[in-house]
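Structure below is target-v6.txt: compact mmCIF, C-alpha atoms and all ligand atoms.
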# COMPACT_ATOMS: atom_id res chain seq x y z
CA MET T 1 98.87 -10.09 105.73
CA GLU T 2 102.09 -9.34 107.65
CA TYR T 3 102.42 -5.55 107.43
CA ILE T 4 105.58 -3.49 107.60
CA ASP T 5 104.46 -0.99 110.20
CA LEU T 6 106.29 2.34 110.09
CA ARG T 7 103.58 4.44 111.76
CA SER T 8 105.57 4.71 114.97
CA ASP T 9 107.95 2.80 117.22
CA THR T 10 105.01 2.49 119.64
CA VAL T 11 103.68 -0.37 117.48
CA THR T 12 106.50 -2.68 118.59
CA LYS T 13 105.05 -5.91 119.95
CA PRO T 14 106.96 -7.76 122.67
CA THR T 15 109.61 -10.29 121.61
CA PRO T 16 109.20 -14.02 122.40
CA GLU T 17 111.85 -13.55 125.10
CA MET T 18 109.76 -10.78 126.67
CA ARG T 19 106.58 -12.87 126.57
CA LYS T 20 108.39 -15.72 128.32
CA ALA T 21 109.81 -13.41 130.97
CA MET T 22 106.36 -11.89 131.48
CA ALA T 23 104.75 -15.32 131.92
CA GLU T 24 107.37 -16.36 134.46
CA ALA T 25 107.73 -13.03 136.30
CA GLU T 26 107.81 -13.07 140.07
CA VAL T 27 105.17 -10.60 141.21
CA GLY T 28 103.78 -8.91 144.31
CA ASP T 29 101.53 -5.94 144.99
CA ASP T 30 103.38 -2.89 143.72
CA VAL T 31 101.14 -0.45 145.61
CA TYR T 32 102.59 -2.11 148.75
CA MET T 33 105.96 -1.78 146.95
CA ASP T 34 106.59 -5.51 147.25
CA ASP T 35 106.61 -6.55 143.62
CA PRO T 36 110.21 -7.77 143.24
CA THR T 37 110.28 -7.43 139.46
CA VAL T 38 109.04 -3.83 139.55
CA ASN T 39 111.54 -3.06 142.31
CA LYS T 40 114.36 -4.54 140.26
CA LEU T 41 113.36 -2.54 137.19
CA GLN T 42 113.21 0.68 139.21
CA ASP T 43 116.63 -0.01 140.77
CA GLN T 44 118.19 -0.72 137.38
CA ALA T 45 116.66 2.38 135.80
CA ALA T 46 117.93 4.59 138.63
CA LEU T 47 121.39 3.03 138.29
CA LYS T 48 121.49 3.52 134.52
CA PHE T 49 120.68 7.22 134.92
CA GLY T 50 122.82 7.78 137.99
CA LYS T 51 119.77 9.04 139.91
CA GLN T 52 118.65 8.06 143.40
CA ASP T 53 115.36 6.42 142.53
CA ALA T 54 112.89 5.53 139.80
CA LEU T 55 109.18 4.88 139.34
CA PHE T 56 107.42 2.59 136.88
CA VAL T 57 104.42 4.31 135.27
CA PRO T 58 101.82 3.11 132.77
CA SER T 59 102.66 5.70 130.09
CA GLY T 60 105.02 8.46 129.15
CA THR T 61 102.18 10.92 129.37
CA MET T 62 101.57 9.98 132.99
CA GLY T 63 105.31 10.15 133.71
CA ASN T 64 105.51 13.71 132.37
CA LEU T 65 102.33 14.70 134.21
CA LEU T 66 103.68 13.37 137.51
CA ALA T 67 106.92 15.30 136.99
CA LEU T 68 105.03 18.53 136.31
CA LEU T 69 102.79 17.98 139.34
CA ALA T 70 105.69 17.03 141.60
CA HIS T 71 107.82 20.04 140.62
CA CYS T 72 105.08 22.69 140.41
CA GLN T 73 102.33 24.08 142.57
CA ARG T 74 99.03 25.19 140.99
CA GLY T 75 99.60 28.48 139.18
CA ASP T 76 103.33 27.93 138.77
CA GLU T 77 104.76 28.30 135.30
CA ALA T 78 106.64 25.66 133.31
CA MET T 79 108.58 26.42 130.12
CA VAL T 80 107.86 23.95 127.34
CA GLY T 81 108.70 23.82 123.64
CA ASP T 82 105.87 24.95 121.39
CA LYS T 83 106.38 21.72 119.44
CA SER T 84 106.88 19.55 122.51
CA HIS T 85 104.84 16.47 123.27
CA ILE T 86 103.99 17.87 126.71
CA TYR T 87 102.51 21.02 125.18
CA THR T 88 100.80 19.59 122.11
CA ASN T 89 100.12 15.90 122.67
CA GLU T 90 99.23 15.24 126.29
CA ALA T 91 95.63 16.48 126.24
CA GLY T 92 96.57 19.61 128.19
CA GLY T 93 97.01 17.56 131.36
CA MET T 94 99.50 19.97 132.89
CA SER T 95 96.90 22.75 133.05
CA ALA T 96 93.68 20.70 133.17
CA LEU T 97 94.81 18.40 135.97
CA GLY T 98 97.77 20.20 137.51
CA GLY T 99 96.84 23.87 137.21
CA VAL T 100 100.36 24.37 135.87
CA HIS T 101 100.67 27.32 133.51
CA PRO T 102 102.55 26.52 130.30
CA ARG T 103 105.03 29.04 128.91
CA PRO T 104 105.59 27.84 125.34
CA LEU T 105 108.97 28.78 123.82
CA MET T 106 109.67 28.28 120.14
CA ASN T 107 111.46 25.05 119.35
CA GLN T 108 114.41 25.87 117.08
CA ARG T 109 114.97 23.77 113.96
CA ASP T 110 117.51 21.68 115.86
CA GLY T 111 114.93 20.84 118.53
CA THR T 112 116.40 23.08 121.23
CA LEU T 113 114.87 25.98 123.08
CA ALA T 114 117.09 29.02 122.54
CA LEU T 115 119.03 29.74 125.73
CA ASP T 116 118.29 33.45 125.38
CA ASP T 117 114.57 32.69 125.13
CA ILE T 118 114.79 30.63 128.33
CA ARG T 119 116.62 33.41 130.16
CA ALA T 120 114.20 36.06 128.87
CA SER T 121 111.17 34.01 129.93
CA ILE T 122 112.03 33.69 133.59
CA GLN T 123 109.41 35.76 135.37
CA THR T 124 110.52 38.55 137.64
CA GLU T 125 108.98 39.01 141.05
CA ASP T 126 105.92 41.10 140.40
CA VAL T 127 102.34 40.94 141.58
CA HIS T 128 101.25 40.49 137.94
CA HIS T 129 103.46 37.52 137.19
CA THR T 130 103.28 33.78 137.62
CA ILE T 131 106.12 32.05 139.43
CA THR T 132 108.51 30.35 137.02
CA ARG T 133 109.29 26.92 138.43
CA LEU T 134 110.34 24.49 135.72
CA ILE T 135 112.12 24.12 132.38
CA CYS T 136 111.18 21.13 130.20
CA ILE T 137 113.13 19.96 127.16
CA GLU T 138 112.46 16.96 124.90
CA ASN T 139 115.23 14.58 123.79
CA THR T 140 115.00 13.33 121.09
CA GLN T 141 112.75 16.14 119.86
CA ASN T 142 110.07 14.24 117.99
CA VAL T 143 108.41 16.85 115.75
CA CYS T 144 111.70 18.58 114.85
CA GLY T 145 112.85 15.38 113.15
CA GLY T 146 113.65 13.04 116.02
CA VAL T 147 116.75 15.15 116.60
CA PRO T 148 119.03 14.48 119.58
CA LEU T 149 119.98 17.36 121.88
CA THR T 150 123.60 17.29 122.96
CA ALA T 151 125.13 16.91 126.42
CA GLU T 152 126.67 20.40 126.04
CA TYR T 153 123.29 21.98 125.35
CA THR T 154 121.67 20.11 128.23
CA ALA T 155 124.43 21.27 130.58
CA GLN T 156 123.79 24.88 129.54
CA VAL T 157 120.08 24.55 130.28
CA GLY T 158 121.01 22.95 133.60
CA ARG T 159 123.21 25.93 134.46
CA ILE T 160 120.39 28.38 133.75
CA ALA T 161 118.07 26.31 135.93
CA GLN T 162 120.59 26.21 138.76
CA GLU T 163 121.43 29.91 138.61
CA ASN T 164 117.75 30.80 138.78
CA ASN T 165 116.63 28.20 141.29
CA LEU T 166 114.43 26.45 138.71
CA ARG T 167 113.72 22.75 138.33
CA PHE T 168 114.68 20.95 135.13
CA HIS T 169 112.75 18.05 133.58
CA ILE T 170 113.64 16.07 130.45
CA ASP T 171 110.94 14.37 128.41
CA GLY T 172 113.29 11.63 127.31
CA ALA T 173 110.69 9.35 125.71
CA ARG T 174 113.50 8.42 123.28
CA ILE T 175 116.55 9.44 125.30
CA PHE T 176 118.30 6.14 124.50
CA ASN T 177 117.95 6.93 120.80
CA ALA T 178 119.63 10.26 121.52
CA ALA T 179 122.43 8.56 123.46
CA ALA T 180 122.99 6.03 120.65
CA ALA T 181 123.00 8.74 117.97
CA LEU T 182 125.48 10.92 119.87
CA ASN T 183 127.50 7.91 121.04
CA VAL T 184 127.37 9.01 124.68
CA ASP T 185 126.11 7.48 127.91
CA VAL T 186 122.55 8.36 128.76
CA LYS T 187 123.89 9.89 132.01
CA ASP T 188 125.77 12.50 129.97
CA LEU T 189 122.45 13.69 128.55
CA THR T 190 120.54 13.69 131.82
CA ALA T 191 122.95 14.51 134.67
CA PRO T 192 121.95 18.21 134.81
CA ALA T 193 118.21 17.38 135.04
CA ASP T 194 116.22 16.93 138.23
CA SER T 195 113.96 14.39 136.57
CA VAL T 196 113.76 12.35 133.39
CA MET T 197 110.91 10.38 131.85
CA PHE T 198 111.70 7.68 129.31
CA CYS T 199 109.55 5.13 127.47
CA LEU T 200 110.08 1.38 127.56
CA SER T 201 107.27 0.91 125.05
CA LYS T 202 108.77 2.60 121.98
CA GLY T 203 112.14 1.72 120.47
CA LEU T 204 112.85 -0.39 123.54
CA VAL T 205 110.03 -2.74 122.43
CA SER T 206 108.19 -3.34 125.74
CA PRO T 207 104.41 -3.66 125.41
CA VAL T 208 103.57 -1.08 128.09
CA GLY T 209 105.31 1.30 130.43
CA SER T 210 107.57 4.25 131.05
CA MET T 211 109.93 5.27 133.83
CA LEU T 212 110.44 8.41 135.81
CA VAL T 213 113.84 8.93 137.47
CA GLY T 214 115.02 11.53 139.98
CA THR T 215 115.85 12.09 143.62
CA ARG T 216 114.40 9.89 146.36
CA ASP T 217 112.15 12.73 147.56
CA PHE T 218 110.95 13.54 144.07
CA ILE T 219 110.10 9.89 143.35
CA ALA T 220 108.27 9.53 146.68
CA ARG T 221 106.13 12.53 145.75
CA ALA T 222 105.60 11.17 142.22
CA ARG T 223 104.50 7.81 143.69
CA HIS T 224 101.86 9.58 145.77
CA LEU T 225 100.69 11.54 142.73
CA ARG T 226 100.65 8.37 140.63
CA LYS T 227 98.16 6.90 143.09
CA MET T 228 96.13 10.12 142.94
CA VAL T 229 95.73 9.96 139.17
CA GLY T 230 94.86 6.26 139.30
CA GLY T 231 98.18 4.86 138.14
CA GLY T 232 98.94 2.56 141.07
CA MET T 233 99.27 -0.87 139.49
CA ARG T 234 99.21 -4.13 141.46
CA GLN T 235 101.00 -7.17 139.97
CA ALA T 236 102.82 -4.90 137.56
CA GLY T 237 105.82 -7.24 137.58
CA VAL T 238 104.40 -8.95 134.49
CA LEU T 239 105.03 -5.68 132.65
CA ALA T 240 108.26 -4.81 134.44
CA ALA T 241 109.70 -8.17 133.33
CA ALA T 242 109.57 -6.93 129.74
CA GLY T 243 110.96 -3.58 130.86
CA LEU T 244 114.04 -5.27 132.29
CA ILE T 245 114.74 -6.84 128.90
CA SER T 246 114.28 -3.41 127.32
CA LEU T 247 116.93 -1.94 129.60
CA GLU T 248 119.34 -4.87 129.34
CA LYS T 249 119.08 -5.77 125.67
CA MET T 250 117.27 -3.12 123.65
CA THR T 251 119.17 0.05 124.50
CA GLY T 252 122.32 -1.27 122.82
CA ARG T 253 120.75 -2.06 119.44
CA LEU T 254 119.08 1.28 118.57
CA GLY T 255 121.91 2.15 116.18
CA GLN T 256 120.47 -0.50 113.83
CA ASP T 257 117.16 1.37 113.69
CA HIS T 258 119.03 4.59 112.98
CA ALA T 259 121.05 3.00 110.16
CA ARG T 260 117.82 1.71 108.61
CA ALA T 261 116.21 5.13 108.90
CA ARG T 262 119.15 6.60 106.97
CA LYS T 263 118.82 3.87 104.35
CA LEU T 264 115.09 4.51 104.09
CA ALA T 265 115.68 8.24 103.69
CA ALA T 266 118.35 7.72 101.04
CA GLY T 267 115.95 5.49 99.07
CA LEU T 268 112.95 7.78 99.42
CA LYS T 269 115.04 10.74 98.31
CA GLN T 270 115.24 9.10 94.87
CA VAL T 271 111.44 8.81 94.64
CA LYS T 272 109.97 11.57 92.49
CA GLY T 273 107.45 13.68 94.37
CA LEU T 274 108.95 13.34 97.84
CA VAL T 275 111.00 16.07 99.50
CA LEU T 276 113.00 14.74 102.42
CA ASP T 277 113.59 17.02 105.39
CA ALA T 278 117.17 15.96 105.84
CA ALA T 279 118.16 12.77 104.06
CA GLU T 280 121.78 13.18 105.12
CA GLY T 281 121.09 14.60 108.55
CA ILE T 282 118.95 11.78 109.89
CA SER T 283 120.45 10.76 113.20
CA THR T 284 117.79 8.66 114.94
CA ASN T 285 114.82 6.54 113.89
CA MET T 286 112.53 9.11 112.21
CA VAL T 287 112.20 10.04 108.56
CA TYR T 288 110.11 13.10 107.75
CA PHE T 289 109.19 14.22 104.24
CA ASN T 290 106.71 16.37 102.31
CA LEU T 291 104.84 15.81 99.06
CA GLU T 292 105.69 18.02 96.10
CA ASP T 293 102.84 20.11 94.70
CA GLU T 294 102.80 18.02 91.51
CA VAL T 295 101.70 14.97 93.52
CA LYS T 296 97.93 14.91 93.08
CA LEU T 297 97.25 12.21 95.68
CA SER T 298 96.24 13.26 99.18
CA VAL T 299 98.11 11.94 102.20
CA ASN T 300 95.09 9.74 103.02
CA GLN T 301 95.05 8.26 99.53
CA ILE T 302 98.75 7.48 99.84
CA VAL T 303 98.18 5.84 103.24
CA ASP T 304 95.50 3.60 101.67
CA LYS T 305 97.60 2.71 98.63
CA MET T 306 100.64 1.90 100.79
CA LYS T 307 98.49 -0.33 102.98
CA LYS T 308 97.37 -2.30 99.92
CA ARG T 309 101.07 -2.89 99.26
CA GLY T 310 101.64 -4.17 102.78
CA VAL T 311 103.15 -1.04 104.34
CA LEU T 312 101.49 0.94 107.13
CA VAL T 313 102.41 4.62 107.24
CA ASP T 314 100.87 7.61 108.92
CA TRP T 315 100.72 11.20 107.73
CA ALA T 316 102.08 13.97 109.95
CA GLY T 317 100.42 16.95 108.30
CA HIS T 318 98.39 18.05 105.28
CA ARG T 319 101.23 17.13 102.87
CA ARG T 320 103.63 15.55 105.30
CA PHE T 321 104.69 12.08 106.49
CA ARG T 322 106.71 10.66 109.36
CA LEU T 323 108.09 7.13 109.12
CA VAL T 324 109.67 5.49 112.16
CA THR T 325 112.01 2.48 112.10
CA HIS T 326 112.14 0.00 114.97
CA TYR T 327 112.96 -3.55 116.07
CA TRP T 328 110.40 -5.19 113.76
CA VAL T 329 111.53 -3.40 110.58
CA ASP T 330 114.42 -5.17 108.87
CA ASP T 331 116.47 -4.34 105.76
CA GLU T 332 113.99 -6.15 103.56
CA GLY T 333 111.17 -4.06 105.03
CA VAL T 334 113.07 -0.89 104.21
CA GLU T 335 113.60 -2.00 100.59
CA LYS T 336 109.97 -2.99 100.23
CA THR T 337 108.83 0.38 101.60
CA ILE T 338 110.98 2.35 99.16
CA LYS T 339 109.67 0.27 96.24
CA ALA T 340 106.07 0.67 97.39
CA PHE T 341 106.38 4.47 97.58
CA ALA T 342 107.96 4.53 94.11
CA LYS T 343 105.02 2.52 92.71
CA VAL T 344 102.33 4.53 94.50
CA LEU T 345 103.75 7.87 93.34
CA LYS T 346 104.49 6.82 89.76
C1 LIG I 401 105.36 9.04 123.12
C2 LIG I 401 105.85 10.25 123.75
C3 LIG I 401 105.45 10.59 125.05
C4 LIG I 401 104.33 9.89 125.81
O1 LIG I 401 104.37 8.54 125.87
P1 LIG I 401 103.02 7.66 125.94
O2 LIG I 401 103.51 6.41 126.54
O3 LIG I 401 102.54 7.51 124.53
O4 LIG I 401 102.04 8.36 126.81
C5 LIG I 401 106.02 11.71 125.62
N1 LIG I 401 106.93 12.44 124.98
C6 LIG I 401 107.33 12.15 123.72
C7 LIG I 401 108.36 13.00 123.07
C8 LIG I 401 106.79 11.06 123.06
O5 LIG I 401 107.17 10.78 121.81
Spell out the structure here as structure tokens.
Amino acid sequence: MEYIDLRSDTVTKPTPEMRKAMAEAEVGDDVYMDDPTVNKLQDQAALKFGKQDALFVPSGTMGNLLALLAHCQRGDEAMVGDKSHIYTNEAGGMSALGGVHPRPLMNQRDGTLALDDIRASIQTEDVHHTITRLICIENTQNVCGGVPLTAEYTAQVGRIAQENNLRFHIDGARIFNAAAALNVDVKDLTAPADSVMFCLSKGLVSPVGSMLVGTRDFIARARHLRKMVGGGMRQAGVLAAAGLISLEKMTGRLGQDHARARKLAAGLKQVKGLVLDAAEGISTNMVYFNLEDEVKLSVNQIVDKMKKRGVLVDWAGHRRFRLVTHYWVDDEGVEKTIKAFAKVLK
């Protein structure tokens, strides 16, 4: 059975064009830095973000880890959102592997960290205190609804970082979704940051890979750390070939995923028993909703029943779901999903 898979945008399989480019990719040994396809991908990523250099990494998690390790010494403190992927979904790598001390700040409903909270959390010089080194924000903020953070907000965080001699990292796993939703260039959302990680393997459809961008010195340090954590890949050009198509062709079409997410939300809002987070406010590719108390089915039972109807969904909490639209979900898939939920909850 051909499933409609809304569990995440990470499920996106490569397009036929990507598979062809992968098969034909010119490759070298990327640890020697002579894989031409990887080099081209890194150059194009740096150019797109207006940064000096870029590094291809196997995963977003490794990209974030390298950024934390490159910016911070052991015992340094990094501010992270309490609902951020870095804090909650990266197996504690920052502290376990990097000895970096997390300072969790509450993510506001709009996905931001309150500027006053950031200012108030900068440690003063005192024998008791850690040394505050880094601010991390996430754009789009996944758990807060896939919400985009604006260029204005990012600039304000950048100013605080600059005034206090702190580094600034953006977990931009879905930064191109944010740029599409806000109708701005990705540079507008990342110029104030010292480093940005973004994923090729989510809405941009590549099978594997993420990128880290920043200054030449920062990337050189991240490359060394990548080797340290076992992420030096050899003929990685076969993967970078797909990444190039992601950058060239997939960043411009994300608005379609967002439109379908809005359509999905509008349809699900009519289904009795579902309470949408923000049917009107959906701006990127995620649709979050809760089950009303009167629904007697558990989330797991709903997952099973939806699967029998050809739709894969994943729960995001005891009574909560997150659906994610992407390249392989078309209008028909959206309609079918709405109908399937209506049937399952009847
Ligand atoms: C997916 C994701 C990551 C990590 O990417 P992986 O490639 O799955 O390791 C980091 N941050 C956010 C916000 C994500 O959604």
Within 7 Å of ligand LIG 401 (chain I), counting all atoms listed in the file, residues as a VMD selection string
chain T and resid 59 to 62 84 to 86 138 140 to 142 171 to 174 199 201 209 to 210
When you count all atoms listed in the file, which of these residues is closest to Asp257 in chain T: T:Gly93, T:Gly333, T:Gly237, T:Gly243?
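Closest residue, counting all atoms listed in the file: T:Gly333.
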By how many Å are CA of Tyr32 in chain T and CA of His224 in chain T apart?
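Separation of CA of Tyr32 in chain T and CA of His224 in chain T: 12.1 Å.
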Given all atoms listed in the file as the counted atoms, nearest of T:Val208, T:Leu68, T:Leu200, T:Ile137 to Ala96 in chain T:
T:Leu68
d(CA of Thr154 in chain T, CA of Ser283 in chain T) in Å:
17.7 Å
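Using only C-alpha atoms, the residues found no farther than 12 Å from Gly231 in chain T, other than those of its own chain fewer than 2 positions away, are Asp30, Val31, Leu55, Phe56, Val57, Pro58, Ser59, Gly60, Thr61, Met62, Gly63, Leu65, Leu66, Gly209, Ser210, Ala222, Arg223, His224, Leu225, Arg226, Lys227, Met228, Val229, Met233, Arg234 and Ala236 of chain T.
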Judged by only C-alpha atoms, the minimum distance to Gly310 in chain T among T:Val205, T:Leu268, T:Ile338, T:Val147 is found for T:Ile338
Measuring between all atoms listed in the file, which one of T:Gln235, T:Gln256, T:Asn183, T:Thr132 shows the shortest distance to Ala161 in chain T?
T:Thr132
